[in-house]
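Structure file protein-v1.txt (compact mmCIF, C-alpha atoms and all ligand atoms) follows.
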# COMPACT_ATOMS: atom_id res chain seq x y z
CA MET Q 267 77.85 23.70 70.41
CA SER Q 268 80.30 21.42 68.64
CA ALA Q 269 83.05 19.52 70.44
CA ASP Q 270 85.54 21.25 68.16
CA THR Q 271 84.52 24.59 69.52
CA ILE Q 272 84.67 23.55 73.15
CA THR Q 273 88.18 22.23 72.84
CA GLY Q 274 89.24 25.08 70.63
CA THR Q 275 90.23 23.07 67.55
CA GLU Q 276 90.74 25.28 64.54
CA THR Q 277 87.47 25.48 62.61
CA THR Q 278 87.80 28.84 60.95
CA SER Q 279 88.05 29.31 57.23
CA ARG Q 280 88.07 32.10 54.73
CA ALA Q 281 84.74 33.30 53.37
CA THR Q 282 84.94 34.05 49.70
CA SER Q 283 81.41 33.58 48.42
CA ALA Q 284 77.84 34.28 49.45
CA GLU Q 285 77.46 30.56 50.18
CA ASP Q 286 80.52 30.63 52.43
CA ILE Q 287 79.04 33.52 54.37
CA ASP Q 288 75.70 31.75 54.67
CA ALA Q 289 77.55 28.70 55.98
CA LEU Q 290 79.43 30.83 58.50
CA ILE Q 291 76.15 32.26 59.73
CA ALA Q 292 74.52 28.83 59.90
CA ARG Q 293 77.29 27.26 61.95
CA ARG Q 294 77.80 30.17 64.32
CA VAL Q 295 78.05 28.82 67.84
CA PRO Q 296 76.00 30.90 70.31
CA GLY Q 297 77.91 31.95 73.39
CA HIS Q 298 81.16 32.17 71.46
CA SER Q 299 83.05 34.87 69.63
CA LEU Q 300 82.64 34.87 65.87
CA GLU Q 301 84.85 33.01 63.45
CA ALA Q 302 87.76 34.94 61.93
CA PRO Q 303 86.23 35.76 58.52
CA PHE Q 304 83.62 37.92 60.22
CA TYR Q 305 86.48 40.26 61.05
CA THR Q 306 88.91 39.61 58.23
CA SER Q 307 86.99 38.78 55.05
CA ASP Q 308 86.34 41.51 52.48
CA GLU Q 309 83.25 39.63 51.36
CA VAL Q 310 81.77 39.64 54.86
CA TYR Q 311 82.62 43.32 55.14
CA GLN Q 312 80.72 43.99 51.93
CA ARG Q 313 77.76 41.97 53.24
CA ASP Q 314 77.93 44.05 56.45
CA LEU Q 315 77.71 47.25 54.42
CA ASP Q 316 74.82 45.92 52.32
CA GLU Q 317 72.79 44.22 55.06
CA ILE Q 318 73.66 46.17 58.19
CA PHE Q 319 74.76 49.67 57.28
CA ALA Q 320 72.66 50.18 54.16
CA LYS Q 321 69.46 48.74 55.66
CA ASN Q 322 69.28 49.81 59.28
CA TRP Q 323 68.88 53.02 61.17
CA ILE Q 324 72.33 54.15 62.18
CA PHE Q 325 73.26 56.92 64.58
CA VAL Q 326 75.49 59.49 62.88
CA ALA Q 327 75.47 62.85 64.70
CA ALA Q 328 73.97 65.06 67.39
CA SER Q 329 71.61 67.72 66.07
CA ALA Q 330 73.65 70.21 68.14
CA GLN Q 331 76.46 69.71 65.62
CA ILE Q 332 74.36 71.60 63.06
CA PRO Q 333 72.55 74.27 65.09
CA GLU Q 334 72.04 76.93 62.36
CA PRO Q 335 70.61 76.81 58.82
CA GLY Q 336 73.42 75.86 56.45
CA ASP Q 337 75.43 74.00 59.11
CA TYR Q 338 76.34 70.52 57.95
CA VAL Q 339 78.22 67.37 58.86
CA THR Q 340 79.27 64.66 56.44
CA VAL Q 341 79.29 60.98 57.35
CA GLU Q 342 81.21 58.26 55.56
CA VAL Q 343 79.66 54.80 55.78
CA GLY Q 344 81.73 52.40 53.70
CA ALA Q 345 81.49 53.77 50.15
CA TYR Q 346 78.52 55.97 51.05
CA SER Q 347 78.91 59.59 51.99
CA VAL Q 348 75.94 61.47 53.40
CA ILE Q 349 75.42 65.17 54.10
CA LEU Q 350 73.31 66.15 57.10
CA VAL Q 351 72.39 69.80 56.82
CA ARG Q 352 69.99 72.14 58.60
CA ASP Q 353 67.67 73.79 56.10
CA ASP Q 354 66.22 77.30 56.21
CA ASP Q 355 63.16 75.99 58.08
CA GLU Q 356 65.60 74.65 60.70
CA GLN Q 357 64.79 71.06 59.81
CA VAL Q 358 67.55 68.48 59.43
CA GLN Q 359 67.86 67.08 55.92
CA ALA Q 360 70.08 64.23 54.75
CA PHE Q 361 71.34 63.78 51.19
CA HIS Q 362 73.75 61.56 49.35
CA ASN Q 363 76.96 63.55 49.00
CA VAL Q 364 76.90 63.07 45.22
CA CYS Q 365 76.27 65.62 42.50
CA ARG Q 366 73.29 64.94 40.21
CA HIS Q 367 75.35 66.03 37.18
CA ARG Q 368 78.25 63.62 36.81
CA GLY Q 369 78.59 62.37 40.31
CA SER Q 370 81.30 64.46 41.91
CA ARG Q 371 81.50 64.47 45.67
CA LEU Q 372 79.97 67.74 46.85
CA LEU Q 373 81.30 68.44 50.34
CA GLU Q 374 84.74 67.26 51.40
CA GLU Q 375 84.95 68.52 54.98
CA ARG Q 376 83.52 66.53 57.88
CA GLN Q 377 81.64 69.65 59.07
CA GLY Q 378 81.09 73.26 58.06
CA ALA Q 379 78.53 75.86 57.03
CA VAL Q 380 77.21 76.70 53.56
CA GLY Q 381 74.71 79.10 52.02
CA ASN Q 382 74.14 76.71 49.15
CA ILE Q 383 75.83 73.45 48.26
CA VAL Q 384 78.01 74.11 45.23
CA CYS Q 385 79.57 71.25 43.32
CA PRO Q 386 83.32 71.84 42.94
CA TYR Q 387 83.31 70.38 39.41
CA HIS Q 388 80.91 72.36 37.15
CA LYS Q 389 79.25 74.44 39.86
CA TRP Q 390 75.79 72.95 39.90
CA THR Q 391 74.31 74.66 42.93
CA TYR Q 392 71.82 73.18 45.38
CA GLY Q 393 69.85 74.81 48.17
CA VAL Q 394 70.14 73.36 51.65
CA ASP Q 395 66.75 71.79 50.99
CA GLY Q 396 68.46 69.76 48.23
CA LYS Q 397 66.76 71.55 45.32
CA LEU Q 398 68.91 72.29 42.27
CA LEU Q 399 69.03 76.07 41.93
CA PHE Q 400 71.56 76.61 39.17
CA ALA Q 401 73.16 74.62 36.35
CA GLU Q 402 74.85 76.59 33.58
CA SER Q 403 74.49 75.98 29.82
CA GLN Q 404 71.48 73.69 29.89
CA PRO Q 405 69.04 73.32 27.00
CA PRO Q 406 65.60 74.98 27.37
CA THR Q 407 64.08 71.57 28.01
CA PHE Q 408 66.23 71.04 31.14
CA ASP Q 409 64.01 70.70 34.19
CA LYS Q 410 65.91 71.58 37.37
CA SER Q 411 63.20 70.10 39.54
CA CYS Q 412 64.20 66.63 38.30
CA PHE Q 413 67.73 66.95 39.71
CA SER Q 414 67.39 67.61 43.41
CA LEU Q 415 69.92 65.89 45.65
CA ARG Q 416 68.89 62.35 46.47
CA SER Q 417 67.58 62.30 49.99
CA VAL Q 418 68.36 59.81 52.73
CA HIS Q 419 65.91 58.99 55.53
CA VAL Q 420 66.73 60.93 58.67
CA ARG Q 421 65.14 61.08 62.13
CA ASN Q 422 65.85 63.40 65.02
CA LEU Q 423 65.32 61.50 68.27
CA ALA Q 424 65.48 64.16 71.01
CA GLY Q 425 68.62 65.63 69.48
CA LEU Q 426 70.20 62.41 68.18
CA LEU Q 427 70.30 62.07 64.38
CA PHE Q 428 69.81 58.69 62.75
CA ILE Q 429 69.88 57.95 59.05
CA CYS Q 430 68.74 54.98 57.00
CA LEU Q 431 70.22 54.48 53.54
CA ALA Q 432 67.58 51.97 52.42
CA ALA Q 433 64.69 52.96 50.16
CA ASP Q 434 62.36 51.41 52.74
CA ALA Q 435 63.56 52.10 56.26
CA PRO Q 436 62.74 49.65 59.08
CA ASP Q 437 59.45 50.87 60.45
CA ASP Q 438 59.94 50.12 64.14
CA PHE Q 439 62.21 53.11 64.68
CA ASP Q 440 59.29 55.29 65.74
CA ALA Q 441 58.11 52.77 68.32
CA VAL Q 442 61.59 52.62 69.84
CA ALA Q 443 61.95 56.40 69.66
CA GLU Q 444 58.69 56.75 71.59
CA LYS Q 445 60.14 54.64 74.39
CA ILE Q 446 63.51 56.40 74.48
CA GLU Q 447 62.37 59.99 74.11
CA PRO Q 448 60.97 60.44 77.66
CA TYR Q 449 64.36 59.40 79.09
CA LEU Q 450 66.19 61.95 76.94
CA ARG Q 451 63.74 64.83 77.31
CA PRO Q 452 65.25 66.27 80.55
CA TYR Q 453 68.64 66.74 78.84
CA ASP Q 454 67.29 68.98 76.04
CA LEU Q 455 70.02 67.80 73.68
CA ASP Q 456 68.56 69.58 70.66
CA LYS Q 457 69.65 72.85 72.26
CA ALA Q 458 72.96 71.65 73.66
CA LYS Q 459 76.35 73.00 72.59
CA VAL Q 460 79.10 70.89 71.07
CA ALA Q 461 82.20 71.22 73.24
CA VAL Q 462 84.35 68.70 71.33
CA PHE Q 463 84.02 66.47 68.26
CA ASP Q 464 86.71 63.76 68.08
CA GLU Q 465 87.38 61.24 65.37
CA LEU Q 466 89.51 58.25 66.29
CA PRO Q 467 90.77 55.82 63.62
CA GLU Q 468 90.54 52.22 64.79
CA ALA Q 469 92.71 49.41 63.39
CA GLY Q 470 89.88 46.94 63.75
CA ASN Q 471 86.71 45.74 62.08
CA TRP Q 472 83.72 47.80 63.23
CA LYS Q 473 82.23 44.80 65.10
CA LEU Q 474 85.29 44.53 67.34
CA VAL Q 475 84.78 48.15 68.38
CA MET Q 476 81.14 47.43 69.15
CA GLU Q 477 81.80 44.17 70.98
CA ASN Q 478 84.42 45.85 73.11
CA ASN Q 479 81.90 48.51 74.08
CA ARG Q 480 79.33 45.93 75.11
CA GLU Q 481 81.18 44.55 78.10
CA CYS Q 482 82.99 45.71 81.18
CA TYR Q 483 84.84 42.43 81.70
CA HIS Q 484 87.91 44.39 80.58
CA CYS Q 485 87.19 47.56 82.57
CA ASP Q 486 90.21 47.20 84.85
CA GLY Q 487 91.99 48.48 81.77
CA HIS Q 488 90.16 51.82 82.20
CA PRO Q 489 91.58 53.34 85.41
CA GLU Q 490 90.22 56.83 84.62
CA LEU Q 491 86.73 55.58 83.79
CA ILE Q 492 86.25 53.35 86.80
CA THR Q 493 86.84 56.04 89.37
CA ALA Q 494 83.34 57.24 88.40
CA TYR Q 495 81.78 54.40 86.38
CA PHE Q 496 80.99 51.22 88.30
CA PRO Q 497 82.67 48.45 86.27
CA LEU Q 498 79.66 46.22 86.84
CA PHE Q 499 77.94 46.68 83.51
CA ALA Q 500 75.91 43.52 82.73
CA TYR Q 501 76.80 41.94 86.07
CA GLU Q 502 73.93 40.26 87.93
CA ALA Q 503 74.04 39.64 91.69
CA GLU Q 504 75.11 36.04 91.05
CA ASP Q 505 78.11 37.22 89.00
CA ILE Q 506 79.62 39.10 91.93
CA THR Q 507 82.88 37.47 93.02
CA PRO Q 508 84.36 38.07 96.51
CA ARG Q 509 86.77 40.58 94.92
CA LEU Q 510 83.84 42.63 93.59
CA LYS Q 511 81.61 42.43 96.69
CA PRO Q 512 82.65 45.77 98.33
CA LEU Q 513 82.25 47.53 94.98
CA TYR Q 514 78.87 45.90 94.44
CA ASP Q 515 77.64 46.98 97.89
CA ARG Q 516 78.60 50.56 97.07
CA TYR Q 517 76.86 50.25 93.70
CA VAL Q 518 73.62 49.04 95.28
CA LYS Q 519 73.69 51.90 97.81
CA ALA Q 520 74.37 54.47 95.08
CA GLY Q 521 71.57 52.91 93.01
CA ASP Q 522 69.10 53.36 95.86
CA ALA Q 523 70.08 57.01 96.23
CA LEU Q 524 69.76 57.59 92.48
CA ALA Q 525 66.32 55.93 92.40
CA LYS Q 526 65.05 58.55 94.86
CA VAL Q 527 66.46 61.41 92.78
CA ARG Q 528 64.96 59.96 89.60
CA ALA Q 529 61.55 59.64 91.20
CA GLN Q 530 61.71 63.31 92.25
CA GLN Q 531 62.70 64.35 88.72
CA GLY Q 532 59.75 62.53 87.21
CA VAL Q 533 61.85 60.54 84.71
CA PRO Q 534 60.97 57.01 83.56
CA LEU Q 535 62.05 54.52 86.20
CA THR Q 536 62.24 51.23 84.32
CA ASP Q 537 65.04 49.99 82.11
CA HIS Q 538 64.45 48.56 78.64
CA ARG Q 539 66.50 45.83 77.06
CA GLU Q 540 65.64 44.63 73.58
CA LEU Q 541 69.08 44.14 72.15
CA ASP Q 542 68.42 41.29 69.75
CA SER Q 543 64.66 40.86 69.66
CA ARG Q 544 63.79 43.67 67.27
CA VAL Q 545 65.20 45.34 64.19
CA VAL Q 546 65.98 48.55 66.08
CA GLY Q 547 67.83 46.81 68.91
CA TYR Q 548 68.54 48.94 71.97
CA GLN Q 549 69.01 49.07 75.70
CA ILE Q 550 68.49 51.99 78.03
CA SER Q 551 69.31 52.09 81.72
CA HIS Q 552 69.94 54.75 84.31
CA LEU Q 553 73.00 53.81 86.33
CA PRO Q 554 74.50 55.35 89.46
CA LEU Q 555 78.02 56.74 89.37
CA ASP Q 556 80.70 56.14 91.97
CA GLY Q 557 82.23 58.74 94.32
CA GLU Q 558 80.37 62.05 94.18
CA GLY Q 559 78.07 60.44 91.61
CA LYS Q 560 77.95 63.48 89.36
CA SER Q 561 80.09 63.01 86.30
CA PHE Q 562 82.86 61.24 84.45
CA SER Q 563 85.88 62.61 86.28
CA PRO Q 564 88.31 61.45 88.96
CA GLY Q 565 86.09 60.75 91.95
CA GLY Q 566 82.85 61.46 90.10
CA ALA Q 567 83.00 65.26 90.54
CA ALA Q 568 81.12 67.57 88.17
CA VAL Q 569 83.04 68.77 85.09
CA CYS Q 570 80.65 71.51 83.98
CA LYS Q 571 78.99 74.09 86.24
CA LYS Q 572 75.81 74.33 84.17
CA LEU Q 573 73.50 71.32 84.17
CA LEU Q 574 71.87 70.16 80.96
CA GLY Q 575 68.23 70.96 80.15
CA SER Q 576 65.87 70.69 83.08
CA VAL Q 577 68.11 68.41 85.16
CA LYS Q 578 68.05 69.82 88.70
CA GLU Q 579 70.32 67.46 90.58
CA ALA Q 580 74.06 67.15 89.83
CA ALA Q 581 74.16 63.61 91.27
CA PHE Q 582 71.91 62.31 88.51
CA GLY Q 583 73.99 59.29 87.51
CA ASP Q 584 74.54 58.04 83.98
CA LEU Q 585 71.67 57.43 81.60
CA SER Q 586 73.27 54.90 79.32
CA LEU Q 587 71.87 53.98 75.92
CA HIS Q 588 73.20 51.27 73.64
CA MET Q 589 71.86 50.86 70.14
CA GLN Q 590 72.51 48.34 67.39
CA PRO Q 591 74.38 48.40 65.17
CA ASN Q 592 76.79 51.27 65.77
CA SER Q 593 76.22 53.55 68.75
CA TRP Q 594 76.25 54.16 72.48
CA PHE Q 595 75.55 57.18 74.64
CA HIS Q 596 76.09 58.48 78.15
CA PHE Q 597 73.87 61.29 79.44
CA LEU Q 598 74.95 62.91 82.70
CA SER Q 599 73.67 65.92 84.60
CA ASP Q 600 76.41 68.21 83.31
CA HIS Q 601 77.29 66.80 79.89
CA ALA Q 602 76.54 64.07 77.41
CA VAL Q 603 78.91 61.95 75.33
CA VAL Q 604 77.65 60.33 72.13
CA PHE Q 605 79.55 57.71 70.14
CA SER Q 606 79.17 56.31 66.63
CA VAL Q 607 81.24 53.65 64.91
CA LEU Q 608 81.59 53.90 61.14
CA PRO Q 609 83.15 51.15 59.04
CA THR Q 610 85.93 52.24 56.69
CA SER Q 611 87.34 48.89 55.49
CA THR Q 612 87.38 45.25 56.55
CA GLY Q 613 90.01 45.87 59.20
CA THR Q 614 89.49 49.56 59.99
CA SER Q 615 86.79 51.83 61.31
CA VAL Q 616 86.34 55.25 62.80
CA LEU Q 617 84.94 56.15 66.20
CA ARG Q 618 83.27 59.55 66.38
CA THR Q 619 82.77 61.00 69.86
CA VAL Q 620 80.93 64.24 70.62
CA TRP Q 621 80.80 65.94 74.03
CA LEU Q 622 77.72 68.10 74.59
CA VAL Q 623 77.21 70.73 77.29
CA HIS Q 624 74.58 73.32 78.22
CA PRO Q 625 74.21 75.91 75.41
CA ASP Q 626 75.28 78.75 77.74
CA ALA Q 627 78.25 76.91 79.23
CA VAL Q 628 81.42 78.87 78.54
CA GLU Q 629 84.74 77.11 78.08
CA GLY Q 630 87.23 78.22 80.72
CA GLU Q 631 84.45 79.50 82.99
CA ASP Q 632 81.96 76.68 83.30
CA TYR Q 633 84.11 73.84 82.07
CA ASP Q 634 87.67 73.01 81.19
CA LEU Q 635 88.10 71.09 77.94
CA ASP Q 636 90.75 68.72 79.27
CA ALA Q 637 88.73 67.92 82.39
CA LEU Q 638 85.57 67.41 80.34
CA THR Q 639 87.18 65.01 77.88
CA MET Q 640 89.82 63.34 80.03
CA VAL Q 641 87.91 60.17 80.99
CA TRP Q 642 86.52 59.26 77.59
CA ARG Q 643 89.58 60.29 75.59
CA ALA Q 644 91.63 57.99 77.82
CA THR Q 645 88.99 55.24 77.65
CA ASN Q 646 88.60 55.47 73.87
CA ASP Q 647 92.34 55.25 73.46
CA GLN Q 648 92.63 52.25 75.76
CA ASP Q 649 89.77 50.59 73.87
CA ARG Q 650 91.48 51.42 70.57
CA ALA Q 651 94.56 49.46 71.71
CA LEU Q 652 92.38 46.50 72.76
CA VAL Q 653 90.59 46.51 69.40
CA THR Q 654 93.91 46.68 67.52
CA GLY Q 655 95.19 43.68 69.44
CA THR Q 656 92.00 41.72 68.80
CA GLN Q 657 92.04 42.45 65.06
CA ILE Q 658 95.65 41.22 64.93
CA GLY Q 659 94.75 38.14 66.99
CA CYS Q 660 91.68 37.27 64.94
CA SER Q 661 93.76 37.57 61.76
CA ASN Q 662 96.20 34.99 63.11
CA PRO Q 663 95.50 31.53 61.65
CA GLY Q 664 95.82 30.23 65.20
CA TYR Q 665 92.63 32.02 66.31
CA VAL Q 666 89.58 29.97 67.20
CA PRO Q 667 86.37 31.41 68.71
CA GLY Q 668 86.30 31.39 72.50
CA PRO Q 669 83.45 31.36 75.03
CA TYR Q 670 81.84 34.48 76.44
CA SER Q 671 81.89 34.87 80.22
CA MET Q 672 78.72 35.31 82.29
CA VAL Q 673 79.18 39.08 82.11
CA GLU Q 674 79.38 39.37 78.34
CA ASP Q 675 75.66 39.01 77.70
CA ASP Q 676 75.51 42.24 75.77
CA VAL Q 677 78.34 41.17 73.48
CA GLU Q 678 76.18 38.14 72.79
CA GLY Q 679 73.19 40.49 72.35
CA PHE Q 680 75.10 42.48 69.76
CA VAL Q 681 76.39 39.40 67.93
CA ASN Q 682 72.95 37.75 67.97
CA TRP Q 683 71.38 40.85 66.49
CA TYR Q 684 74.13 41.13 63.88
CA VAL Q 685 74.01 37.50 62.80
CA LYS Q 686 70.21 37.55 62.60
CA ARG Q 687 70.20 40.72 60.50
CA LEU Q 688 72.99 39.45 58.28
CA GLY Q 689 71.15 36.19 57.72
CA GLY Q 690 67.79 37.90 57.20
CA GLN Q 691 66.23 36.31 60.28
CA LEU Q 692 65.16 39.48 62.09
O1 LIG K 701 80.38 52.79 77.17
C1 LIG K 701 79.89 51.83 77.71
O2 LIG K 701 78.79 51.52 77.41
C2 LIG K 701 80.59 51.01 78.76
C3 LIG K 701 81.81 51.61 79.32
C4 LIG K 701 82.72 50.51 79.57
C5 LIG K 701 82.24 49.35 78.87
N1 LIG K 701 80.94 49.67 78.33
C6 LIG K 701 79.94 48.79 78.75
FE1 LIG K 702 78.79 68.33 39.79
FE2 LIG K 702 79.38 68.46 37.25
S1 LIG K 702 79.69 66.80 38.59
S2 LIG K 702 78.52 69.96 38.49
Please, can you express the file's structure as structure tokens?
Amino acid sequence: MSADTITGTETTSRATSAEDIDALIARRVPGHSLEAPFYTSDEVYQRDLDEIFAKNWIFVAASAQIPEPGDYVTVEVGAYSVILVRDDDEQVQAFHNVCRHRGSRLLEERQGAVGNIVCPYHKWTYGVDGKLLFAESQPPTFDKSCFSLRSVHVRNLAGLLFICLAADAPDDFDAVAEKIEPYLRPYDLDKAKVAVFDELPEAGNWKLVMENNRECYHCDGHPELITAYFPLFAYEAEDITPRLKPLYDRYVKAGDALAKVRAQQGVPLTDHRELDSRVVGYQISHLPLDGEGKSFSPGGAAVCKKLLGSVKEAAFGDLSLHMQPNSWFHFLSDHAVVFSVLPTSTGTSVLRTVWLVHPDAVEGEDYDLDALTMVWRATNDQDRALVTGTQIGCSNPGYVPGPYSMVEDDVEGFVNWYVKRLGGQL
């Protein structure tokens, strides 16, 4: 750590070349927020797209968003656009959203249903398996089989869809999936029903959205969330201040009760934390909830009458999963909420949030939409304001990186992973 950084002397600069970015990476001070160009430079943003979003597995949708053959979602990742579609064999396929004729975008909507994928320009027509079925006025030598849609790697991890845009996808996804899958199995997310799909524009670089998610140092700013969620994420016993002691005691007691329920349910009992030590960085932990301990709602009460999958006990806490580079998840007894951050420009991004419930849960009977979404819509909006303020602050020439507290280890975990991947060290 340099003396400049400790005292907060201005050390930031603009990054305009690959060498500048390499220098920024090399002089990054662990334990501190990143220098301004990581959030404000178009060149860094382009490197992020090339090295992070085009090379890693990124979470993009729940398989429940495309339950039937022909159902699709589109995902914008920087300049990329990808179609995820369920084919006639009920498998999920992913394709570049680009026509093989002269490159028109194929599907404009963020979700929908198609029989075939028809290009709006000259009507080249593709099956939902990506094969070109029809192209008018072609010479006899034209071979349709050479013009299928270009596929993108896709994996379905217990109902969570990940894509990788690289030709060669990182090969440790399957090893991580094997560890995570037993935790997710009880929720049967593949069969769940989408209750709500929100898209929230963020006036901040995608990393600020992620960093904000990786700590609860700011959770006093989430009054709705913390009636159910213990704002002790990443706190160790030694981090508990006198102010937090009563809350911590309640958390420990609720954790003991949840441990008993988990043992009865036969779910994995250990947490995993490999946030910056592998290419597919992740963390999974099963946390108790406050109050009634059942759901994200005022006082922790249930928000849906039907429990997900094979979950038997409403007070089943919060299975929380964080993945690098762009996602986090909360799985509760009565619903799940899945989040993905997608970069749209240097200083903007989009947060997609999907609420999942039991496939037979009926709106108005088993759940109320406002009650189901209240906590995370409020929390996302509060976080959006924090991210906006941080983007503005980091863009101010007066900004210098500051030190992380003892309870921001997972921000550090995210930033470590990011810097290592950007610099090719992981
Ligand atoms: O969504 C999460 O993972 C939590 C909620 C509050 C802060 N963050 C750690
Ligand atoms: Fe798609 Fe011509 S660009 S049919």
Computed gap from CA of Leu415 in chain Q to CA of Glu356 in chain Q is 17.9 Å
Nearest candidate to ligand LIG 701 (chain K) (options Q:Gly532, Q:Gly566, Q:Gly487, Q:Gly668; using all atoms listed in the file):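 Closest candidate: Q:Gly487.
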Which residues sit within 8 Å of ligand LIG 702 (chain K), counting only C-alpha atoms and all ligand atoms, listed as a PyMOL selection string? chain Q and resi 364-372+384-391+401
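For the pair CA of Val418 in chain Q and CA of Ala360 in chain Q, the interatomic distance is 5.2 Å.
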- Which residue, Q:His419, Q:His588, Q:His362, Q:Lys445, has the smallest gap to ligand LIG 701 (chain K) when you use only C-alpha atoms and all ligand atoms?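 Ranking Q:His419, Q:His588, Q:His362, Q:Lys445 by distance to ligand LIG 701 (chain K), first place goes to Q:His588.
Omitting Gly381 in chain Q and its sequence neighbours fewer than 4 positions away, and counting all atoms listed in the file, the residues within 8 Å are Gly336, Gly393 and Val394 of chain Q.
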Those residues with C-alpha atoms, as a PDB file, in the coordinates of the input please?
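Output file again11.pdb is given in full below:
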ATOM      1  CA  GLY Q 336      73.420  75.860  56.450  1.00  0.00           C
ATOM      2  CA  GLY Q 393      69.850  74.810  48.170  1.00  0.00           C
ATOM      3  CA  VAL Q 394      70.140  73.360  51.650  1.00  0.00           C
TER       4      VAL Q 394
END
Compile a residue-level contact table for chain Q against ligand LIG 701 (chain K) at a cut-off of 6 Å, reporting for every qualifying residue the shortest atom pair and its distance in Å to one decimal, with all atoms listed in the file counted, rows ordered by chain and ascending number, as JSON lines.
{"residue": "Q:Asn479", "atom": "CA", "partner": "K:LIG701", "partner_atom": "N1", "distance": 4.5}
{"residue": "Q:Arg480", "atom": "CA", "partner": "K:LIG701", "partner_atom": "C6", "distance": 4.7}
{"residue": "Q:Glu481", "atom": "CA", "partner": "K:LIG701", "partner_atom": "C6", "distance": 4.5}
{"residue": "Q:Cys482", "atom": "CA", "partner": "K:LIG701", "partner_atom": "C5", "distance": 4.4}
{"residue": "Q:Phe499", "atom": "CA", "partner": "K:LIG701", "partner_atom": "C6", "distance": 5.6}
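Of the residues under consideration (Q:Val685, Q:Val623, Q:Ile429, Q:Leu573), Q:Val685 shows the shortest atom-to-atom contact distance to Asp288 in chain Q when counting only C-alpha atoms.
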- Message: Nearest residue to Pro335 in chain Q out of Q:Val310, Q:Leu535, Q:Ala379, Q:Ala568, using all atoms listed in the file?
- Response: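 Selected residue with least distance to Pro335 in chain Q: Q:Ala379.
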So how far away is CA of Leu427 in chain Q from CA of Phe400 in chain Q, in Å?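 The value is 29.1 Å.
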Of Q:Leu574, Q:Met476, Q:Ile446, Q:Leu455, the one sitting nearest Asp537 in chain Q when using all atoms listed in the file is Q:Ile446
_Given all atoms listed in the file as the basis, pick out the residue of Q:Pro296, Q:Pro591, Q:Pro663, Q:Pro452 nearest to Gln549 in chain Q._
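Closest to Gln549 in chain Q, using all atoms listed in the file: Q:Pro591.
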Do you know which residues are at most 8 Å from Met672 in chain Q counting all atoms listed in the file, after dropping those on the same chain fewer than 3 positions away, and could you put them as a PDB file with C-alpha atoms, in the frame of the given file?
ATOM      1  CA  TYR Q 501      76.800  41.940  86.070  1.00  0.00           C
ATOM      2  CA  ASP Q 505      78.110  37.220  89.000  1.00  0.00           C
ATOM      3  CA  ASP Q 675      75.660  39.010  77.700  1.00  0.00           C
TER       4      ASP Q 675
END
Task: Residues near Tyr495 in chain Q, cut-off 12 Å, only C-alpha atoms, skip fewer than 4 positions along chain, as an MDAnalysis selection string - done: chainID Q and resid 482 485:486 488:491 499 513 516:517 520 553:567 583:586 596 598 641:642 645
field: Residues within 7 Å of Ala637 in chain Q, all atoms listed in the file, excluding chain neighbours under 3 positions, as a list in words
entry: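 Skipping anything fewer than 3 positions along the chain leaves Val569, Asp634 and Met640 of chain Q.
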Those residues you just picked out, can you put them in a file as a PDB file, in the frame of the given file with C-alpha atoms?
ATOM      1  CA  VAL Q 569      83.040  68.770  85.090  1.00  0.00           C
ATOM      2  CA  ASP Q 634      87.670  73.010  81.190  1.00  0.00           C
ATOM      3  CA  MET Q 640      89.820  63.340  80.030  1.00  0.00           C
TER       4      MET Q 640
END
- Polymer residues at most 12 Å from (59.4, 55.0, 69.5) by all atoms listed in the file, as a ChimeraX atom specification: /Q:421-424,437-449,546-548
